[in-house]
Structure formats: structure tokens, C-alpha cells
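*Asks:* Dropping a structure here in C-alpha cells format, bear with me for questions.
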Amino acid sequence: MKIIICGALGKMGAKLRENAKTQGDVIPVCGVDKTATDLNGFKVYDDFGKITEKADAVIDFSSKSTLNALLSYCLKTGTPAVLCSTGYDKEDIAAINKASEKIAIFRSANMSLGVNVLIETVKFAAKRLYGFDIEIIEKHHNKKADAPSGTAVMIKDGIKEVFPEKTEVYGRCGIVGARDRNEIGIHAVRGGTIVGEHQVIFAGDNETLTFTHQAESRDVFAAGAIKAARFIANKKQGLFDMKDLLAENA
Ligand SMILES: NC(=O)c1ccc[n+]([C@@H]2O[C@H](COP(=O)([O-])OP(=O)(O)OC[C@H]3O[C@@H](n4cnc5c(N)ncnc54)[C@H](O)[C@@H]3O)[C@@H](O)[C@H]2O)c1
């Protein structure tokens with residue numbers, strides 16, 4: 001499977017190339033980043049328009065700012081896209097949905113299998129622990145550009161599938177008065193080299209249930225993104241996420 005890496009010079013871009021080597025049949029054919037360069041024969045372009053190589057999928061770990069150019073390239077060449085960047089807004093999501101009518105797109109703000117099982121587990125718990133207060137705490141390294149994490153948003157969205165009436169409250173700074181029972185509190189911690197930790201707390205009367213996922217290395221995201229690329233490489237169109245991949249493995 002040939003892949004193009006968008007965000008090739010970043011932390012995850014480097015991890016993807018490392019992980020591809022361990023898989024044998026995954027060949028990163030080129031990359032895209034802000035600066036053009038050549039890493040021992042692996043070409044990195046500063047513009048999608050300059051790509052001459054063909055690939056079975058583009059894997060993106062860059063930022064929301066690459067989305068339009070990336071989708072244009074994938075639509076023009078019919079290349080499936082695995083979108084791992086976080087921080088997309090409503091317009092970005094609409095553009096992704098529209099593009100997925102013509103090409104295959106796999107999007108997940110968290111490519112680890114564990115986090116996606118955590119979300120299913122949290123939905124299960126939310127249905128049964130009626131009346132419990134739910135709080136989400138996420139922790140990441142001090143270079144992370146967006147807050148709250150895309151994964152915290154995914155967890156919150158999962159809970160809102162069960163309880164649409166709940167509203168998110170970020171950080172709770174400056175709020176005077178008691179907690180509203182319909183709140184989902186979301187809190188971001190930034191520091192050091194923390195790869196990623198997500199904690200979901202269900203606090204009831206005299207008992208607390210806490211679910212925690214800890215990413216121990218960025219390898220988990222690289223491996224998940226390659227699994228996602230394999231999943232969509234031969235698909236013509238449609239929007240897919242980790243639920244589809246997990247369902248295939250169930
Ligand atoms: N889905 C997941 O599982 C998952 C896991 C880890 C990180 N992420 C997300 O992936 C993204 C990258 O993470 P990272 O830790 O590798 O960050 P990073 O800052 O180390 O790397 C990002 C790279 O993308 C490049 N880039 C950014 N904007 C660009 C643009 N407009 N054009 C060309 N290149 C551009 C940067 O130059 C940089 O080399 C972030 O959005 C992060 O939140 C997602």
C-alpha cells in the first residue's frame with residue numbers, strides 16, 4: 001500500500017514513516033509540509049500541486065489549515081484520505097462530508113482502538129448511570145495547538161447521543177453557583193511530553209466510576225492510521241470512522 005503523508009515533517013509524520021517500515025508492505029511515496037525537502041530520497045513537497053507520485057491513500061497529521069488543499073488533491077486524483085488532524089470547525093466538517101460523496105474519507109480525532117472502545121463504554125455507562133454528573137479531563141503535551149482535544153469532543157459527542165439535552169461547560173472558570181445536572185464538564189491540562197490521557201468521571205451519590213485511557217506512545221496513532229488507510233484504500237466513496245473499523249474486527 002502506497003501512502004502520501006501530509007504533515008510529513010511533524011511528530012506524527014515521523015512516527016508514520018517509522019511505523020510503515022515495520023509493516024513491510026506500506027510504502028510512504030512522498031510527503032507534504034510547509035517546507036519542501038528531501039529526506040534520504042523521501043520527497044516532501046510544499047504544495048499538493050507538485051506531487052507526481054501516485055498513492056492508495058493520503059494520511060494527514062497536520063492541521064485544519066491543510067484541509068482545503070488536501071481535499072482538492074484527493075478529489076482531483078480520486079485518492080482516499082485518512083484525516084487525523086484535529087480542530088476542525090463546522091465548515092470544515094461540511095466540506096469533508098461533501099467530499100465524501102465522491103471519495104472515501106476516514107476521519108477520527110483519535111486513531112487508537114482503545115479510545116474508541118472507551119467512547120462505546122462511556123455511552124453504555126451513561127445510559128445506566130442516570131443522574132450521575134459526568135466530567136471529562138484530558139491531558140496533553142505542552143506543544144498541543146488546540147483545546148479541548150478532538151478526543152474530548154468525541155467523548156462529549158458520544159454522551160450527547162445518549163443525552164441530547166446535556167450542555168458542555170469548558171473549564172468552569174468564573175462560574176458562580178452549583179453545578180447544573182445537565183452539564184458535561186470538560187477540562188484541558190497541558191504539560192511536558194504527555195502523549196494523551198482522557199478520563200471520564202461519573203460521579204453519583206456516594207460512588208464514583210472513572211474510565212481512563214492513556215496513550216503510552218504516538219505509535220498507537222500511527223498504527224491506527226495505517227489500519228484506517230488499509231480499510232479505505234479500495235473504497236470508492238463514503239465517510240468512515242473507527243466505529244466502522246472496530247465493527248469489522250468485532
Ligand atoms: N487522530 C489522532 O489519533 C491524532 C493523534 C496525534 C495527533 N493528532 C493531530 O494531528 C495533527 C498533527 O499532530 P503532530 O503532533 O504531528 O503536530 P506537529 O506540529 O508535530 O506536526 C504538524 C506538521 O504539519 C505541518 N503543517 C501544519 N500546517 C500545515 C500547512 N498548512 N501546510 C503544510 N504543512 C502543514 C507542520 O509544518 C508540521 O510539520 C494535530 O492536529 C494533532 O492534534 C491526531
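Residue numbering restarts at 1 in every chain; chains get A, B, ... in the order shown in the C-alpha cells, and ligands count up from 1 in that same order.
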Using only C-alpha atoms and all ligand atoms, which residues have at least one atom no more than 6 Å from ligand 1? Output them as a PDB file with N, CA and C atoms, in the first residue's frame.

*Replies:*
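Here's the written file selection-v3.pdb:
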ATOM      1  N   GLY A   7       1.806  16.558   6.500  1.00  0.00           N
ATOM      2  CA  GLY A   7       2.359  16.865   7.826  1.00  0.00           C
ATOM      3  C   GLY A   7       3.587  15.998   8.054  1.00  0.00           C
ATOM      4  N   ALA A   8       4.283  15.688   6.952  1.00  0.00           N
ATOM      5  CA  ALA A   8       5.387  14.707   6.961  1.00  0.00           C
ATOM      6  C   ALA A   8       6.528  15.091   7.899  1.00  0.00           C
ATOM      7  N   LEU A   9       6.722  16.395   8.145  1.00  0.00           N
ATOM      8  CA  LEU A   9       7.866  16.818   8.970  1.00  0.00           C
ATOM      9  C   LEU A   9       7.500  16.964  10.449  1.00  0.00           C
ATOM     10  N   GLY A  10       6.269  16.654  10.788  1.00  0.00           N
ATOM     11  CA  GLY A  10       5.834  16.796  12.179  1.00  0.00           C
ATOM     12  C   GLY A  10       6.092  15.533  12.988  1.00  0.00           C
ATOM     13  N   LYS A  11       5.679  15.585  14.261  1.00  0.00           N
ATOM     14  CA  LYS A  11       5.907  14.453  15.172  1.00  0.00           C
ATOM     15  C   LYS A  11       5.220  13.190  14.645  1.00  0.00           C
ATOM     16  N   MET A  12       3.949  13.338  14.246  1.00  0.00           N
ATOM     17  CA  MET A  12       3.205  12.159  13.770  1.00  0.00           C
ATOM     18  C   MET A  12       3.660  11.730  12.374  1.00  0.00           C
ATOM     19  N   GLY A  13       4.064  12.700  11.544  1.00  0.00           N
ATOM     20  CA  GLY A  13       4.584  12.362  10.216  1.00  0.00           C
ATOM     21  C   GLY A  13       5.798  11.448  10.342  1.00  0.00           C
ATOM     22  N   ASP A  33       4.426  19.222   3.382  1.00  0.00           N
ATOM     23  CA  ASP A  33       4.556  20.021   4.615  1.00  0.00           C
ATOM     24  C   ASP A  33       4.770  21.473   4.211  1.00  0.00           C
ATOM     25  N   LYS A  34       5.039  22.337   5.181  1.00  0.00           N
ATOM     26  CA  LYS A  34       5.200  23.768   4.865  1.00  0.00           C
ATOM     27  C   LYS A  34       6.490  24.018   4.089  1.00  0.00           C
ATOM     28  N   PHE A  61      -1.698  14.113   9.157  1.00  0.00           N
ATOM     29  CA  PHE A  61      -1.498  14.536  10.550  1.00  0.00           C
ATOM     30  C   PHE A  61      -0.853  15.913  10.453  1.00  0.00           C
ATOM     31  N   SER A  62      -1.624  16.962  10.168  1.00  0.00           N
ATOM     32  CA  SER A  62      -1.014  18.288  10.021  1.00  0.00           C
ATOM     33  C   SER A  62      -1.795  19.296  10.860  1.00  0.00           C
ATOM     34  N   SER A  63      -2.768  19.990  10.220  1.00  0.00           N
ATOM     35  CA  SER A  63      -3.628  20.923  10.952  1.00  0.00           C
ATOM     36  C   SER A  63      -4.824  21.217  10.064  1.00  0.00           C
ATOM     37  N   SER A  65      -5.546  23.779   8.638  1.00  0.00           N
ATOM     38  CA  SER A  65      -5.222  24.690   7.537  1.00  0.00           C
ATOM     39  C   SER A  65      -4.881  23.969   6.228  1.00  0.00           C
ATOM     40  N   THR A  66      -4.603  22.677   6.283  1.00  0.00           N
ATOM     41  CA  THR A  66      -4.285  21.939   5.037  1.00  0.00           C
ATOM     42  C   THR A  66      -5.544  21.365   4.376  1.00  0.00           C
ATOM     43  N   CYS A  84      -6.568  12.712  10.227  1.00  0.00           N
ATOM     44  CA  CYS A  84      -6.289  12.524  11.661  1.00  0.00           C
ATOM     45  C   CYS A  84      -6.112  13.862  12.372  1.00  0.00           C
ATOM     46  N   SER A  85      -6.003  14.970  11.604  1.00  0.00           N
ATOM     47  CA  SER A  85      -5.824  16.279  12.243  1.00  0.00           C
ATOM     48  C   SER A  85      -7.034  16.601  13.106  1.00  0.00           C
ATOM     49  N   THR A  86      -6.827  17.465  14.100  1.00  0.00           N
ATOM     50  CA  THR A  86      -7.932  17.852  14.975  1.00  0.00           C
ATOM     51  C   THR A  86      -8.173  19.357  14.852  1.00  0.00           C
ATOM     52  N   SER A 108     -10.967  10.394  12.109  1.00  0.00           N
ATOM     53  CA  SER A 108     -11.104  10.189  13.547  1.00  0.00           C
ATOM     54  C   SER A 108     -10.098  11.084  14.259  1.00  0.00           C
ATOM     55  N   ALA A 109     -10.574  11.786  15.265  1.00  0.00           N
ATOM     56  CA  ALA A 109      -9.686  12.643  16.052  1.00  0.00           C
ATOM     57  C   ALA A 109      -8.809  11.799  16.968  1.00  0.00           C
ATOM     58  N   ASN A 110      -9.086  10.503  17.028  1.00  0.00           N
ATOM     59  CA  ASN A 110      -8.209   9.615  17.799  1.00  0.00           C
ATOM     60  C   ASN A 110      -8.155   8.260  17.115  1.00  0.00           C
ATOM     61  N   MET A 111      -6.966   7.888  16.654  1.00  0.00           N
ATOM     62  CA  MET A 111      -6.802   6.677  15.866  1.00  0.00           C
ATOM     63  C   MET A 111      -6.518   5.444  16.722  1.00  0.00           C
ATOM     64  N   PHE A 221      -1.192   5.846  17.454  1.00  0.00           N
ATOM     65  CA  PHE A 221      -1.947   6.639  16.473  1.00  0.00           C
ATOM     66  C   PHE A 221      -1.470   6.326  15.049  1.00  0.00           C
TER      67      PHE A 221
END

*Asks:* In stretch 18-246 of chain A, what's strand (DSSP E or B) per DSSP? Answer as a PyMOL selection string?

*Replies:* chain A and resi 27-32+37-39+42-45+57-60+81-83+104-107+133-140+167-170+183-190+197-204+207-214+238-240

*Asks:* Dump C-alpha atoms for the selected residues as a tab-separated table (two decimals), in the first residue's frame?

*Replies:*
chain	number	residue	atom	x	y	z
A	27	ILE	CA	5.43	2.47	1.29
A	28	PRO	CA	5.40	6.21	2.05
A	29	VAL	CA	5.88	7.56	-1.51
A	30	CYS	CA	6.15	11.26	-0.60
A	31	GLY	CA	5.05	13.87	1.87
A	32	VAL	CA	3.60	17.37	2.06
A	37	THR	CA	12.81	18.93	1.42
A	38	ASP	CA	14.31	15.55	0.56
A	39	LEU	CA	14.78	13.09	3.45
A	42	PHE	CA	11.69	10.67	0.50
A	43	LYS	CA	10.45	13.85	-1.16
A	44	VAL	CA	8.44	16.37	0.85
A	45	TYR	CA	6.56	18.94	-1.25
A	57	ALA	CA	-4.27	6.87	0.38
A	58	VAL	CA	-3.21	10.22	1.84
A	59	ILE	CA	-2.74	10.12	5.62
A	60	ASP	CA	-2.99	13.55	7.20
A	81	ALA	CA	-7.98	10.33	2.59
A	82	VAL	CA	-7.37	9.43	6.23
A	83	LEU	CA	-7.91	12.63	8.23
A	104	ALA	CA	-13.52	7.66	0.50
A	105	ILE	CA	-12.67	9.56	3.68
A	106	PHE	CA	-11.79	8.08	7.07
A	107	ARG	CA	-11.80	10.63	9.87
A	133	ASP	CA	-22.57	14.01	36.98
A	134	ILE	CA	-20.22	13.50	34.02
A	135	GLU	CA	-16.85	15.28	33.75
A	136	ILE	CA	-14.14	14.80	31.10
A	137	ILE	CA	-10.49	15.62	31.83
A	138	GLU	CA	-7.91	15.49	29.03
A	139	LYS	CA	-4.13	15.89	29.39
A	140	HIS	CA	-1.65	16.56	26.58
A	167	THR	CA	-24.63	21.05	27.52
A	168	GLU	CA	-20.86	21.29	27.64
A	169	VAL	CA	-19.11	23.60	30.11
A	170	TYR	CA	-15.44	24.26	29.46
A	183	GLU	CA	-23.67	19.87	32.38
A	184	ILE	CA	-20.82	17.88	30.91
A	185	GLY	CA	-17.67	19.48	32.34
A	186	ILE	CA	-14.65	19.44	30.01
A	187	HIS	CA	-11.18	20.32	31.29
A	188	ALA	CA	-7.85	20.58	29.45
A	189	VAL	CA	-4.44	20.10	31.09
A	190	ARG	CA	-1.24	20.92	29.12
A	197	GLU	CA	-4.74	10.95	28.54
A	198	HIS	CA	-8.55	11.03	28.71
A	199	GLN	CA	-10.52	10.48	31.86
A	200	VAL	CA	-14.31	10.29	32.11
A	201	ILE	CA	-15.74	10.60	35.61
A	202	PHE	CA	-19.29	9.52	36.53
A	203	ALA	CA	-19.93	10.99	39.98
A	204	GLY	CA	-23.10	9.88	41.76
A	207	GLU	CA	-19.94	6.49	44.46
A	208	THR	CA	-17.70	7.45	41.55
A	209	LEU	CA	-16.84	5.46	38.43
A	210	THR	CA	-13.82	6.64	36.42
A	211	PHE	CA	-12.69	5.42	33.00
A	212	THR	CA	-9.16	6.33	31.87
A	213	HIS	CA	-7.35	5.88	28.57
A	214	GLN	CA	-3.63	6.60	28.38
A	238	GLY	CA	-18.14	7.38	1.73
A	239	LEU	CA	-17.32	8.65	5.20
A	240	PHE	CA	-15.86	6.16	7.66

*Asks:* Would you mind listing what lies within 8 Å of A:Leu16 as a PDB file with C-alpha atoms, in the first residue's frame, with only C-alpha atoms counted and same-chain residues fewer than 6 positions away left out?

*Replies:*
ATOM      1  CA  ILE A   5       1.953  11.744   4.345  1.00  0.00           C
ATOM      2  CA  ASP A 219       2.960   4.649  17.756  1.00  0.00           C
ATOM      3  CA  ALA A 222       0.395   5.814  13.580  1.00  0.00           C
ATOM      4  CA  ALA A 223      -0.585   2.132  13.657  1.00  0.00           C
ATOM      5  CA  ILE A 226      -2.295   2.771   8.747  1.00  0.00           C
TER       6      ILE A 226
END

*Asks:* For atom CA of A:Lys2 and atom CA of A:Ala55, determine how far apart the two atoms are, in Å to one decimal place.

*Replies:*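 The value is 4.7 Å.
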
*Asks:* Quick one: DSSP helix (DSSP H, G or I) residues in stretch 24-249 of chain A, as a PyMOL selection string?

*Replies:* chain A and resi 48-50+64-77+90-99+113-128+150-162+219-232+242-249

*Asks:* Please provide as a list in words all residues within 12 Å of A:Glu248, with the sequence filter that same-chain residues fewer than 4 positions apart are discarded (counting only C-alpha atoms).

*Replies:*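 Once the nearby chain positions are removed, what remains is Lys227, Ala228, Phe231, Phe240, Asp241, Met242, Lys243 and Asp244 of chain A.
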
*Asks:* Could you name the residues that touch A:Ile119 at 6 Å or less, counting only C-alpha atoms, but leaving out those on the same chain fewer than 3 positions away, as a PyMOL selection string?

*Replies:* chain A and resi 116+122+155

*Asks:* What does the distance between atom CA of A:Ile93 and atom CA of A:Pro148 come to in Å, to one decimal place?

*Replies:*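 Separation between atom CA of A:Ile93 and atom CA of A:Pro148: 17.1 Å.
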
*Asks:* As an exercise, work out the distance from atom CA of A:Gly150 to atom CA of A:Asp46 in Å and give it to one decimal place.

*Replies:*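 For atom CA of A:Gly150 relative to atom CA of A:Asp46, the distance reads 25.9 Å.
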